[in-house]
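Have a look at start-v4.txt; it's compact mmCIF, C-alpha atoms:
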```
# COMPACT_ATOMS: atom_id res chain seq x y z
CA MET A 1 -26.07 -2.65 -21.55
CA ASN A 2 -24.95 -3.86 -18.17
CA PRO A 3 -21.99 -1.63 -17.29
CA SER A 4 -21.28 -3.35 -13.99
CA ASP A 5 -20.05 -6.37 -15.95
CA ASP A 6 -17.75 -4.40 -18.12
CA LYS A 7 -14.91 -2.61 -16.44
CA GLN A 8 -13.12 -2.34 -19.74
CA LEU A 9 -15.99 -0.32 -21.17
CA PHE A 10 -15.84 1.96 -18.13
CA LEU A 11 -12.12 2.52 -18.57
CA ASP A 12 -12.54 3.20 -22.27
CA MET A 13 -15.35 5.64 -21.61
CA GLN A 14 -13.12 7.37 -19.11
CA GLU A 15 -10.14 7.58 -21.41
CA HIS A 16 -12.03 8.26 -24.63
CA PRO A 17 -15.39 9.83 -23.79
CA GLU A 18 -15.51 11.32 -27.29
CA LYS A 19 -16.13 7.84 -28.72
CA TYR A 20 -19.44 7.48 -26.89
CA SER A 21 -22.83 9.11 -27.24
CA ASP A 22 -24.29 11.28 -24.50
CA GLU A 23 -26.85 8.55 -23.81
CA GLN A 24 -24.14 5.96 -23.24
CA LEU A 25 -22.27 8.29 -20.87
CA GLU A 26 -25.52 9.10 -19.06
CA ALA A 27 -26.21 5.39 -18.61
CA MET A 28 -22.74 4.86 -17.19
CA MET A 29 -23.15 7.77 -14.79
CA ALA A 30 -26.51 6.46 -13.65
CA GLU A 31 -24.86 3.10 -12.93
CA ILE A 32 -22.01 4.64 -10.95
CA ASP A 33 -24.25 7.01 -8.98
CA ARG A 34 -27.04 4.55 -8.28
CA GLU A 35 -27.98 4.45 -4.62
CA PRO A 36 -26.67 1.32 -2.92
CA ASP A 37 -28.78 -0.55 -0.41
CA THR A 38 -27.04 0.63 2.74
CA ASN A 39 -28.96 -1.74 5.02
CA VAL A 40 -27.88 -4.78 3.04
CA ALA A 41 -24.31 -3.48 2.92
CA TRP A 42 -24.33 -2.97 6.69
CA SER A 43 -25.62 -6.51 7.27
CA ARG A 44 -22.80 -7.89 5.15
CA PHE A 45 -20.23 -5.80 7.03
CA ASP A 46 -21.74 -6.64 10.40
CA ASN A 47 -21.64 -10.37 9.67
CA LYS A 48 -18.13 -10.19 8.35
CA THR A 49 -16.78 -8.36 11.41
CA GLU A 50 -18.96 -9.74 14.19
CA GLU A 51 -17.22 -10.99 17.29
CA ARG A 52 -17.55 -14.76 17.33
CA PRO A 53 -17.33 -16.79 20.56
CA THR A 54 -14.19 -18.52 19.36
CA ARG A 55 -12.51 -15.14 19.20
CA LEU A 56 -12.20 -15.19 22.99
CA TRP A 57 -10.13 -18.35 22.75
CA TRP A 58 -7.95 -16.76 20.14
CA GLN A 59 -7.45 -13.79 22.46
CA ILE A 60 -6.48 -16.08 25.32
CA ALA A 61 -4.13 -17.99 23.02
CA ALA A 62 -2.65 -14.73 21.77
CA ALA A 63 -2.14 -13.51 25.34
CA LEU A 64 -0.43 -16.77 26.32
CA GLY A 65 1.63 -16.59 23.16
CA GLY A 66 2.69 -13.08 24.16
CA VAL A 67 3.84 -14.27 27.58
CA ILE A 68 5.78 -17.15 26.05
CA PHE A 69 7.25 -14.74 23.52
CA MET A 70 8.45 -12.34 26.24
CA VAL A 71 9.97 -15.21 28.22
CA GLY A 72 11.64 -16.32 24.99
CA ILE A 73 13.14 -12.89 24.42
CA ALA A 74 14.40 -12.71 28.00
CA PHE A 75 15.91 -16.15 27.68
CA ALA A 76 17.54 -15.25 24.38
CA ALA A 77 19.02 -12.07 25.88
CA ILE A 78 20.54 -13.98 28.81
CA HIS A 79 21.73 -16.65 26.45
CA LEU A 80 23.52 -14.10 24.25
CA LEU A 81 25.11 -12.35 27.21
CA THR A 82 26.53 -15.47 28.76
CA ARG A 83 27.49 -17.20 25.50
CA ASN A 84 28.36 -20.36 27.32
CA THR A 85 27.48 -22.68 24.54
CA PRO A 86 27.16 -22.45 20.77
CA LYS A 87 23.73 -21.41 19.65
CA GLU A 88 21.37 -24.05 18.54
CA PRO A 89 19.28 -23.40 15.52
CA HIS A 90 15.97 -21.76 16.36
CA GLN A 91 12.80 -23.49 15.59
CA SER A 92 9.56 -21.74 14.93
CA SER A 93 7.13 -22.69 17.64
CA GLU A 94 4.27 -21.83 15.35
CA THR A 95 3.95 -21.68 11.63
CA ILE A 96 1.49 -19.17 10.35
CA ILE A 97 0.68 -19.20 6.69
CA SER A 98 -0.98 -16.01 5.68
CA ILE A 99 -1.62 -14.92 2.13
CA SER A 100 -3.71 -11.82 1.67
CA LYS A 101 -6.42 -11.80 -0.97
CA GLU A 102 -4.38 -9.33 -2.98
CA GLY A 103 -1.75 -11.99 -3.29
CA LYS A 104 -3.66 -14.04 -5.83
CA GLY A 105 -1.61 -14.06 -8.96
CA ALA A 106 0.70 -11.43 -7.52
CA THR A 107 3.89 -10.69 -9.36
CA PRO A 108 7.18 -11.81 -7.82
CA VAL A 109 9.34 -9.02 -6.43
CA VAL A 110 13.06 -8.98 -6.96
CA PHE A 111 15.19 -7.37 -4.27
CA GLU A 112 18.59 -6.43 -5.49
CA ASN A 113 21.09 -5.20 -2.93
CA VAL A 114 18.28 -4.20 -0.64
CA SER A 115 18.83 -4.11 3.11
CA LEU A 116 17.21 -6.85 5.14
CA ASP A 117 15.43 -4.12 7.09
CA SER A 118 13.73 -2.79 3.93
CA ILE A 119 12.97 -6.26 2.62
CA LEU A 120 11.29 -7.29 5.85
CA THR A 121 9.38 -4.02 6.11
CA ARG A 122 7.87 -4.74 2.73
CA VAL A 123 7.27 -8.45 3.22
CA SER A 124 6.01 -8.28 6.80
CA SER A 125 3.38 -5.65 6.00
CA TYR A 126 2.08 -7.90 3.23
CA TYR A 127 1.68 -10.83 5.61
CA LYS A 128 0.53 -8.53 8.41
CA LYS A 129 3.44 -9.29 10.72
CA VAL A 130 5.77 -7.10 12.74
CA VAL A 131 9.54 -7.47 12.71
CA VAL A 132 11.77 -7.54 15.77
CA PHE A 133 15.53 -7.35 15.29
CA GLN A 134 17.12 -8.83 18.37
CA ASP A 135 20.52 -7.84 16.97
CA GLU A 136 21.21 -4.67 15.01
CA ALA A 137 23.83 -6.01 12.61
CA PRO A 138 21.48 -7.96 10.29
CA ARG A 139 19.41 -4.84 9.58
CA GLN A 140 21.89 -3.50 7.06
CA MET A 141 22.75 -6.80 5.38
CA LYS A 142 22.26 -6.26 1.65
CA LEU A 143 20.62 -9.17 -0.08
CA ILE A 144 19.64 -10.23 -3.57
CA MET A 145 16.60 -12.43 -3.69
CA THR A 146 13.16 -12.90 -5.16
CA TRP A 147 9.98 -12.87 -3.13
CA HIS A 148 6.85 -14.64 -4.36
CA PRO A 149 3.87 -13.04 -2.61
CA ASP A 150 1.73 -16.05 -3.50
CA ALA A 151 3.97 -18.36 -1.48
CA PRO A 152 3.66 -18.82 2.29
CA LEU A 153 5.77 -16.54 4.45
CA THR A 154 7.56 -19.59 5.88
CA ASP A 155 9.07 -20.30 2.44
CA PHE A 156 10.58 -16.85 2.38
CA ILE A 157 11.86 -17.14 5.94
CA ASP A 158 13.42 -20.54 5.14
CA ARG A 159 15.30 -19.00 2.24
CA LEU A 160 16.55 -16.14 4.40
CA ASN A 161 17.75 -18.65 6.96
CA ALA A 162 20.05 -20.09 4.30
CA PHE A 163 22.23 -16.96 4.57
CA ASP A 164 25.22 -17.28 6.87
CA GLY A 165 24.94 -15.54 10.20
CA LEU A 166 21.21 -15.07 9.99
CA SER A 167 18.42 -16.69 11.92
CA LEU A 168 14.76 -15.78 11.49
CA HIS A 169 11.72 -17.34 12.96
CA ILE A 170 8.05 -16.55 13.23
CA GLN A 171 6.48 -16.21 16.62
CA ASN A 172 2.77 -15.51 16.49
CA ASP A 173 2.50 -12.23 14.58
CA THR A 174 6.17 -11.41 14.86
CA ILE A 175 9.16 -12.18 12.70
CA ILE A 176 12.21 -12.35 14.95
CA VAL A 177 15.61 -11.74 13.43
CA GLU A 178 18.83 -12.70 15.13
CA GLN A 179 22.47 -12.74 14.24
CA ILE A 180 24.24 -16.06 14.56
CA ILE A 181 27.77 -15.65 15.82
CA GLU A 182 29.73 -18.66 14.75
CA GLU A 183 32.03 -19.92 17.45
CA ASP A 184 35.10 -22.03 16.88
CA GLU A 185 34.69 -25.65 17.74
CA MET B 1 -14.40 2.55 18.01
CA LYS B 2 -17.70 1.10 19.20
CA ARG B 3 -19.80 -0.91 16.77
CA GLU B 4 -22.85 1.32 17.34
CA ILE B 5 -20.86 4.38 16.31
CA ILE B 6 -19.50 2.56 13.27
CA GLN B 7 -23.05 1.62 12.32
CA GLN B 8 -24.13 5.27 12.50
CA LEU B 9 -21.19 6.36 10.38
CA PHE B 10 -21.82 3.53 7.96
CA MET B 11 -25.49 4.36 7.47
CA GLN B 12 -24.68 8.02 7.05
CA HIS B 13 -21.70 7.90 4.71
CA TYR B 14 -21.70 4.55 2.94
CA ALA B 15 -23.51 5.74 -0.22
CA LYS B 16 -21.12 8.63 -0.83
CA MET B 17 -18.08 6.50 -0.06
CA LYS B 18 -19.25 3.86 -2.50
CA ARG B 19 -19.81 6.54 -5.12
CA VAL B 20 -16.25 7.81 -4.80
CA ALA B 21 -14.87 4.27 -4.98
CA ARG B 22 -16.95 3.40 -8.03
CA THR B 23 -15.77 6.55 -9.82
CA LEU B 24 -12.19 5.37 -9.55
CA LEU B 25 -12.44 1.59 -9.54
CA PHE B 26 -15.84 0.94 -11.08
CA ASP B 27 -15.65 -2.68 -9.92
CA GLU B 28 -18.48 -3.34 -7.49
CA GLN B 29 -16.65 -5.83 -5.30
CA GLU B 30 -13.44 -3.83 -5.17
CA SER B 31 -15.38 -0.69 -4.24
CA GLU B 32 -17.19 -2.59 -1.51
CA ASP B 33 -13.87 -3.94 -0.20
CA VAL B 34 -12.33 -0.48 0.00
CA VAL B 35 -15.24 0.96 1.97
CA SER B 36 -15.44 -2.10 4.17
CA ASP B 37 -11.69 -1.98 4.91
CA ILE B 38 -11.99 1.61 6.12
CA PHE B 39 -14.82 0.84 8.51
CA GLU B 40 -13.08 -2.30 9.69
CA SER B 41 -9.92 -0.37 10.54
CA LEU B 42 -12.04 2.13 12.47
CA LEU B 43 -13.75 -0.72 14.28
CA ARG B 44 -10.45 -2.32 15.28
CA GLY B 45 -8.53 0.88 15.92
CA GLN B 46 -8.58 3.79 18.29
CA THR B 47 -9.24 6.56 15.78
CA VAL B 48 -11.65 9.21 16.96
CA LEU B 49 -13.49 11.18 14.29
CA MET B 50 -14.70 14.71 14.87
CA PRO B 51 -18.29 15.24 13.71
CA ASP B 52 -17.38 18.21 11.51
CA THR B 53 -14.59 16.42 9.67
CA GLU B 54 -15.71 12.80 9.68
CA GLU B 55 -17.17 12.89 6.17
CA ARG B 56 -14.03 14.48 4.77
CA TYR B 57 -11.89 11.90 6.55
CA LEU B 58 -13.93 8.96 5.26
CA LEU B 59 -14.13 10.19 1.67
CA THR B 60 -10.45 11.11 1.55
CA SER B 61 -9.62 7.66 2.90
CA VAL B 62 -11.67 6.07 0.11
CA ARG B 63 -10.01 8.23 -2.53
CA ASN B 64 -6.51 7.46 -1.26
CA LEU B 65 -7.14 3.73 -0.98
CA CYS B 66 -8.58 3.62 -4.50
CA LEU B 67 -5.66 5.57 -5.95
CA LYS B 68 -3.31 3.21 -4.16
CA ARG B 69 -5.08 0.24 -5.71
CA LEU B 70 -4.93 1.79 -9.16
CA ARG B 71 -1.24 2.43 -8.74
CA HIS B 72 -0.57 -1.14 -7.61
CA GLU B 73 -2.63 -2.43 -10.51
CA ALA B 74 -0.60 -0.32 -12.95
CA ILE B 75 2.67 -1.56 -11.46
CA ARG B 76 1.48 -5.16 -11.68
CA ARG B 77 0.37 -4.69 -15.28
CA GLU B 78 3.69 -3.16 -16.28
CA ALA B 79 5.63 -5.79 -14.42
CA ASN B 80 3.82 -8.62 -16.15
CA GLY B 81 6.12 -8.25 -19.10
CA GLN B 82 9.17 -8.69 -16.92
CA HIS B 83 7.71 -10.83 -14.12
CA THR B 84 9.25 -8.50 -11.58
CA THR B 85 8.57 -5.27 -9.82
CA SER B 86 10.99 -2.91 -8.23
CA LEU B 87 10.83 -1.89 -4.61
CA LEU B 88 8.40 0.91 -5.38
CA ASP B 89 5.81 0.64 -2.74
CA GLU B 90 7.46 0.70 0.62
CA PRO B 91 4.67 1.39 3.10
CA ASP B 92 6.36 4.44 4.59
CA ALA B 93 6.35 6.17 1.23
CA GLU B 94 2.58 5.91 0.72
CA ASP B 95 1.74 9.16 2.48
CA ASP B 96 4.27 11.05 0.39
CA ARG B 97 2.70 9.71 -2.79
CA MET B 98 -0.79 10.76 -1.74
CA THR B 99 0.49 14.22 -0.84
CA ASP B 100 2.11 14.36 -4.25
CA ILE B 101 -1.19 13.53 -5.99
CA VAL B 102 -3.00 16.29 -4.10
CA GLU B 103 -0.19 18.71 -4.95
CA PHE B 104 -0.47 17.67 -8.57
CA VAL B 105 -4.20 18.38 -8.57
CA VAL B 106 -3.65 21.82 -7.08
CA GLY B 107 -0.65 22.66 -9.23
CA HIS B 108 -1.60 21.27 -12.63
CA LEU B 109 -5.36 21.21 -13.05
CA SER B 110 -7.53 24.15 -14.03
CA GLU B 111 -9.51 25.87 -11.29
CA GLN B 112 -12.71 24.30 -12.55
CA ASN B 113 -11.17 20.82 -12.57
CA GLN B 114 -9.85 21.36 -9.05
CA ARG B 115 -13.35 22.31 -7.92
CA ILE B 116 -14.86 19.27 -9.62
CA PHE B 117 -12.18 17.00 -8.11
CA HIS B 118 -12.96 18.44 -4.71
CA LEU B 119 -16.74 18.14 -5.12
CA ARG B 120 -16.56 14.54 -6.27
CA PHE B 121 -13.75 13.13 -4.18
CA THR B 122 -13.84 15.18 -0.98
CA GLN B 123 -17.52 15.97 -0.73
CA GLY B 124 -18.96 12.94 -2.51
CA TYR B 125 -21.26 14.90 -4.81
CA SER B 126 -23.18 13.05 -7.51
CA TYR B 127 -22.70 13.89 -11.19
CA GLU B 128 -26.08 15.63 -11.03
CA GLU B 129 -25.08 17.76 -8.04
CA ILE B 130 -21.77 18.76 -9.60
CA ALA B 131 -23.53 19.69 -12.85
CA TYR B 132 -25.91 21.91 -10.90
CA GLU B 133 -23.12 23.45 -8.84
CA GLU B 134 -20.97 24.22 -11.87
CA GLY B 135 -23.82 25.14 -14.22
CA ILE B 136 -22.77 22.55 -16.82
CA SER B 137 -24.30 19.33 -18.19
CA ARG B 138 -23.76 15.93 -16.59
CA VAL B 139 -21.92 14.78 -19.70
CA ALA B 140 -19.56 17.73 -19.31
CA VAL B 141 -18.97 16.67 -15.70
CA TRP B 142 -18.13 13.15 -16.90
CA LYS B 143 -15.62 14.57 -19.37
CA HIS B 144 -14.00 16.80 -16.75
CA LEU B 145 -13.70 13.91 -14.30
CA SER B 146 -12.36 11.62 -17.02
CA HIS B 147 -9.72 14.18 -17.82
CA ILE B 148 -8.83 14.58 -14.13
CA ILE B 149 -8.50 10.84 -13.52
CA THR B 150 -6.53 10.29 -16.73
CA GLU B 151 -4.14 13.09 -15.78
CA ILE B 152 -3.65 11.69 -12.29
CA LYS B 153 -2.94 8.23 -13.70
CA LYS B 154 -0.52 9.70 -16.22
CA HIS B 155 1.21 11.65 -13.48
CA CYS B 156 1.54 8.54 -11.33
CA LYS B 157 3.04 6.67 -14.26
CA THR B 158 5.51 9.44 -15.11
CA ARG B 159 6.66 9.69 -11.53
CA SER B 160 6.58 5.91 -11.06
CA LEU B 161 4.42 6.59 -8.06
```
Reformat the file's structure so that it appears as structure tokens.
Amino acid sequence: MNPSDDKQLFLDMQEHPEKYSDEQLEAMMAEIDREPDTNVAWSRFDNKTEERPTRLWWQIAAALGGVIFMVGIAFAAIHLLTRNTPKEPHQSSETIISISKEGKGATPVVFENVSLDSILTRVSSYYKKVVVFQDEAPRQMKLIMTWHPDAPLTDFIDRLNAFDGLSLHIQNDTIIVEQIIEEDE
Amino acid sequence: MKREIIQQLFMQHYAKMKRVARTLLFDEQESEDVVSDIFESLLRGQTVLMPDTEERYLLTSVRNLCLKRLRHEAIRREANGQHTTSLLDEPDAEDDRMTDIVEFVVGHLSEQNQRIFHLRFTQGYSYEEIAYEEGISRVAVWKHLSHIITEIKKHCKTRSL
């Protein structure tokens, strides 16, 4: 018997231990309690998380991105206050496609009459993003839509942008939400 | 947290953490991922662990992450029939659910099962150690733990947790 290859057997033994002999249960316990090789496990972890030289460049890029982002926010604030000209559609300066490993084969999620705030809380945590609402009004917009966790975040954002009065874009690790106020021509 | 400190914690607690994860998930890779995720978040974050509570913190983190995975797995399995899930797992509700599971253990399991739950999932005892502590056979420990885990899963399902 090789219990490590058979999760189903483990689950069955857990749910119906009466179906198995003491020897079979003992073997399963021995498998679960066997001492792992901690040194090997540490090496794997250490390699996986080690700081690589390129990380510095990512940090510099992230810092620059942050500066550009702050300038962008300041500009947007001034732009909204003055309202001299109709808003132009926002364009994402960077497209980040991020699908977590848990997303493989993930089930679509249907949001029915769920506030944009709640939807984005759920979706952004999955893609490891933060959400910034530059205007408060869109927070409480109730939407009906389906989210496919296997699809890139940009697909979902594009679909949200189809709603009137709403503009979302991704800036580095941030999803920025704005309200579009339509002005008469 | 500094890598050297993480390494010390890792060497000291990895085996017990893996044991707790295996008890709930069984899957070797999944168990490894859970333990690794916890150390990685410590490495990237600012959490400071107190020497007298670090083991409890680490083992409780493993238990909670594993239960969360089991719950997500159950939701996915159920949703397969309908190809949808409801908005069940908003991140801010996770803590409440874990509190609820602990309350369930305290409120619904026998005193012996509570002790066994605590020994296995908070102190990382082996089946052998629990058997010795409780004065019962290892097979009896298996049956108690099976009952505990089945009840927790049932509770999660009933409450749609």
Excluding Ile152 of chain B and residues on its chain fewer than 4 positions from it, collect all residues at most 9 Å away from it, counting only C-alpha atoms, and give them as a PDB file with C-alpha atoms, keeping the file's coordinate frame.
```
ATOM      1  CA  ILE B 101      -1.190  13.530  -5.990  1.00  0.00           C
ATOM      2  CA  PHE B 104      -0.470  17.670  -8.570  1.00  0.00           C
ATOM      3  CA  VAL B 105      -4.200  18.380  -8.570  1.00  0.00           C
ATOM      4  CA  HIS B 147      -9.720  14.180 -17.820  1.00  0.00           C
ATOM      5  CA  ILE B 148      -8.830  14.580 -14.130  1.00  0.00           C
ATOM      6  CA  CYS B 156       1.540   8.540 -11.330  1.00  0.00           C
ATOM      7  CA  LYS B 157       3.040   6.670 -14.260  1.00  0.00           C
TER       8      LYS B 157
END
```
Point to revise | Nearest to chain A, chosen from B:Leu109, B:Ala79, B:Val102, B:Leu42, with all atoms listed in the file counted in the distances | key: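 When distances to chain A are compared using all atoms listed in the file, the smallest one comes from B:Ala79.
Relative to atom CA of Ile181 of chain A, atom CA of Gly165 of chain A is found at 6.3 Å.
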Starting from 8 Å padding per side, set up an axis-aligned box that covers all listed atoms of segment 53-56 of chain B and hand over centre and edge lengths in Å, one decimal, as JSON.
```
{"center_x": -15.6, "center_y": 14.6, "center_z": 7.2, "size_x": 19.1, "size_y": 19.6, "size_z": 20.9}
```
Exercise for review: Compute the set of chain A residues within 9 Å of chain B, using only C-alpha atoms, and express it as a ChimeraX atom specification.
Suggested key: /A:4-7,10-11,13-18,22-23,25-26,29-30,32-39,41-42,45-46,49,106-112,114,118-119,121-122,125,146
Using the incomplete input, complete segment 96-130 of chain B to the level of N, CA and C atoms; output as an mmCIF file, keeping the file's coordinate frame.
```
data_model
loop_
_atom_site.group_PDB
_atom_site.id
_atom_site.type_symbol
_atom_site.label_atom_id
_atom_site.label_comp_id
_atom_site.auth_asym_id
_atom_site.auth_seq_id
_atom_site.Cartn_x
_atom_site.Cartn_y
_atom_site.Cartn_z
ATOM 1 N N ASP B 96 3.623 10.084 1.278
ATOM 2 C CA ASP B 96 4.270 11.050 0.390
ATOM 3 C C ASP B 96 3.611 11.035 -0.980
ATOM 4 N N ARG B 97 3.289 9.828 -1.452
ATOM 5 C CA ARG B 97 2.700 9.710 -2.790
ATOM 6 C C ARG B 97 1.324 10.361 -2.842
ATOM 7 N N MET B 98 0.538 10.168 -1.769
ATOM 8 C CA MET B 98 -0.790 10.760 -1.740
ATOM 9 C C MET B 98 -0.691 12.285 -1.681
ATOM 10 N N THR B 99 0.284 12.775 -0.901
ATOM 11 C CA THR B 99 0.490 14.220 -0.840
ATOM 12 C C THR B 99 0.841 14.727 -2.225
ATOM 13 N N ASP B 100 1.675 13.963 -2.923
ATOM 14 C CA ASP B 100 2.110 14.360 -4.250
ATOM 15 C C ASP B 100 0.911 14.451 -5.208
ATOM 16 N N ILE B 101 -0.018 13.513 -5.107
ATOM 17 C CA ILE B 101 -1.190 13.530 -5.990
ATOM 18 C C ILE B 101 -2.032 14.786 -5.717
ATOM 19 N N VAL B 102 -2.211 15.088 -4.440
ATOM 20 C CA VAL B 102 -3.000 16.290 -4.100
ATOM 21 C C VAL B 102 -2.278 17.537 -4.603
ATOM 22 N N GLU B 103 -0.959 17.568 -4.443
ATOM 23 C CA GLU B 103 -0.190 18.710 -4.950
ATOM 24 C C GLU B 103 -0.326 18.826 -6.457
ATOM 25 N N PHE B 104 -0.336 17.667 -7.113
ATOM 26 C CA PHE B 104 -0.470 17.670 -8.570
ATOM 27 C C PHE B 104 -1.820 18.278 -8.972
ATOM 28 N N VAL B 105 -2.862 17.873 -8.265
ATOM 29 C CA VAL B 105 -4.200 18.380 -8.570
ATOM 30 C C VAL B 105 -4.223 19.910 -8.430
ATOM 31 N N VAL B 106 -3.642 20.378 -7.332
ATOM 32 C CA VAL B 106 -3.650 21.820 -7.080
ATOM 33 C C VAL B 106 -2.753 22.562 -8.078
ATOM 34 N N GLY B 107 -1.626 21.956 -8.401
ATOM 35 C CA GLY B 107 -0.650 22.660 -9.230
ATOM 36 C C GLY B 107 -0.857 22.540 -10.726
ATOM 37 N N HIS B 108 -1.549 21.518 -11.184
ATOM 38 C CA HIS B 108 -1.600 21.270 -12.630
ATOM 39 C C HIS B 108 -2.988 21.281 -13.245
ATOM 40 N N LEU B 109 -4.016 21.237 -12.462
ATOM 41 C CA LEU B 109 -5.360 21.210 -13.050
ATOM 42 C C LEU B 109 -5.969 22.614 -13.030
ATOM 43 N N SER B 110 -6.863 22.840 -13.972
ATOM 44 C CA SER B 110 -7.530 24.150 -14.030
ATOM 45 C C SER B 110 -8.366 24.346 -12.764
ATOM 46 N N GLU B 111 -8.730 25.585 -12.511
ATOM 47 C CA GLU B 111 -9.510 25.870 -11.290
ATOM 48 C C GLU B 111 -10.818 25.093 -11.292
ATOM 49 N N GLN B 112 -11.430 25.018 -12.480
ATOM 50 C CA GLN B 112 -12.710 24.300 -12.550
ATOM 51 C C GLN B 112 -12.502 22.803 -12.257
ATOM 52 N N ASN B 113 -11.434 22.238 -12.823
ATOM 53 C CA ASN B 113 -11.170 20.820 -12.570
ATOM 54 C C ASN B 113 -10.835 20.564 -11.099
ATOM 55 N N GLN B 114 -10.141 21.512 -10.489
ATOM 56 C CA GLN B 114 -9.850 21.360 -9.050
ATOM 57 C C GLN B 114 -11.161 21.356 -8.250
ATOM 58 N N ARG B 115 -12.064 22.256 -8.643
ATOM 59 C CA ARG B 115 -13.350 22.310 -7.920
ATOM 60 C C ARG B 115 -14.112 21.002 -8.100
ATOM 61 N N ILE B 116 -14.114 20.513 -9.342
ATOM 62 C CA ILE B 116 -14.860 19.270 -9.620
ATOM 63 C C ILE B 116 -14.225 18.094 -8.877
ATOM 64 N N PHE B 117 -12.905 18.043 -8.865
ATOM 65 C CA PHE B 117 -12.180 17.000 -8.110
ATOM 66 C C PHE B 117 -12.616 17.043 -6.639
ATOM 67 N N HIS B 118 -12.616 18.252 -6.112
ATOM 68 C CA HIS B 118 -12.960 18.440 -4.710
ATOM 69 C C HIS B 118 -14.420 18.028 -4.437
ATOM 70 N N LEU B 119 -15.316 18.466 -5.325
ATOM 71 C CA LEU B 119 -16.740 18.140 -5.120
ATOM 72 C C LEU B 119 -16.984 16.638 -5.162
ATOM 73 N N ARG B 120 -16.332 15.969 -6.116
ATOM 74 C CA ARG B 120 -16.560 14.540 -6.270
ATOM 75 C C ARG B 120 -15.846 13.726 -5.189
ATOM 76 N N PHE B 121 -14.566 14.028 -5.007
ATOM 77 C CA PHE B 121 -13.750 13.130 -4.180
ATOM 78 C C PHE B 121 -13.607 13.548 -2.715
ATOM 79 N N THR B 122 -13.935 14.776 -2.397
ATOM 80 C CA THR B 122 -13.840 15.180 -0.980
ATOM 81 C C THR B 122 -15.228 15.368 -0.392
ATOM 82 N N GLN B 123 -16.179 15.746 -1.260
ATOM 83 C CA GLN B 123 -17.520 15.970 -0.730
ATOM 84 C C GLN B 123 -18.531 14.903 -1.182
ATOM 85 N N GLY B 124 -18.104 14.041 -2.094
ATOM 86 C CA GLY B 124 -18.960 12.940 -2.510
ATOM 87 C C GLY B 124 -20.188 13.349 -3.301
ATOM 88 N N TYR B 125 -20.114 14.450 -4.011
ATOM 89 C CA TYR B 125 -21.260 14.900 -4.810
ATOM 90 C C TYR B 125 -21.546 13.922 -5.955
ATOM 91 N N SER B 126 -22.803 13.843 -6.335
ATOM 92 C CA SER B 126 -23.180 13.050 -7.510
ATOM 93 C C SER B 126 -22.866 13.858 -8.770
ATOM 94 N N TYR B 127 -22.913 13.175 -9.920
ATOM 95 C CA TYR B 127 -22.700 13.890 -11.190
ATOM 96 C C TYR B 127 -23.743 15.015 -11.329
ATOM 97 N N GLU B 128 -24.964 14.678 -10.945
ATOM 98 C CA GLU B 128 -26.080 15.630 -11.030
ATOM 99 C C GLU B 128 -25.797 16.874 -10.176
ATOM 100 N N GLU B 129 -25.347 16.637 -8.959
ATOM 101 C CA GLU B 129 -25.080 17.760 -8.040
ATOM 102 C C GLU B 129 -23.932 18.632 -8.537
ATOM 103 N N ILE B 130 -22.909 17.972 -9.083
ATOM 104 C CA ILE B 130 -21.770 18.760 -9.600
ATOM 105 C C ILE B 130 -22.223 19.598 -10.798
#
```
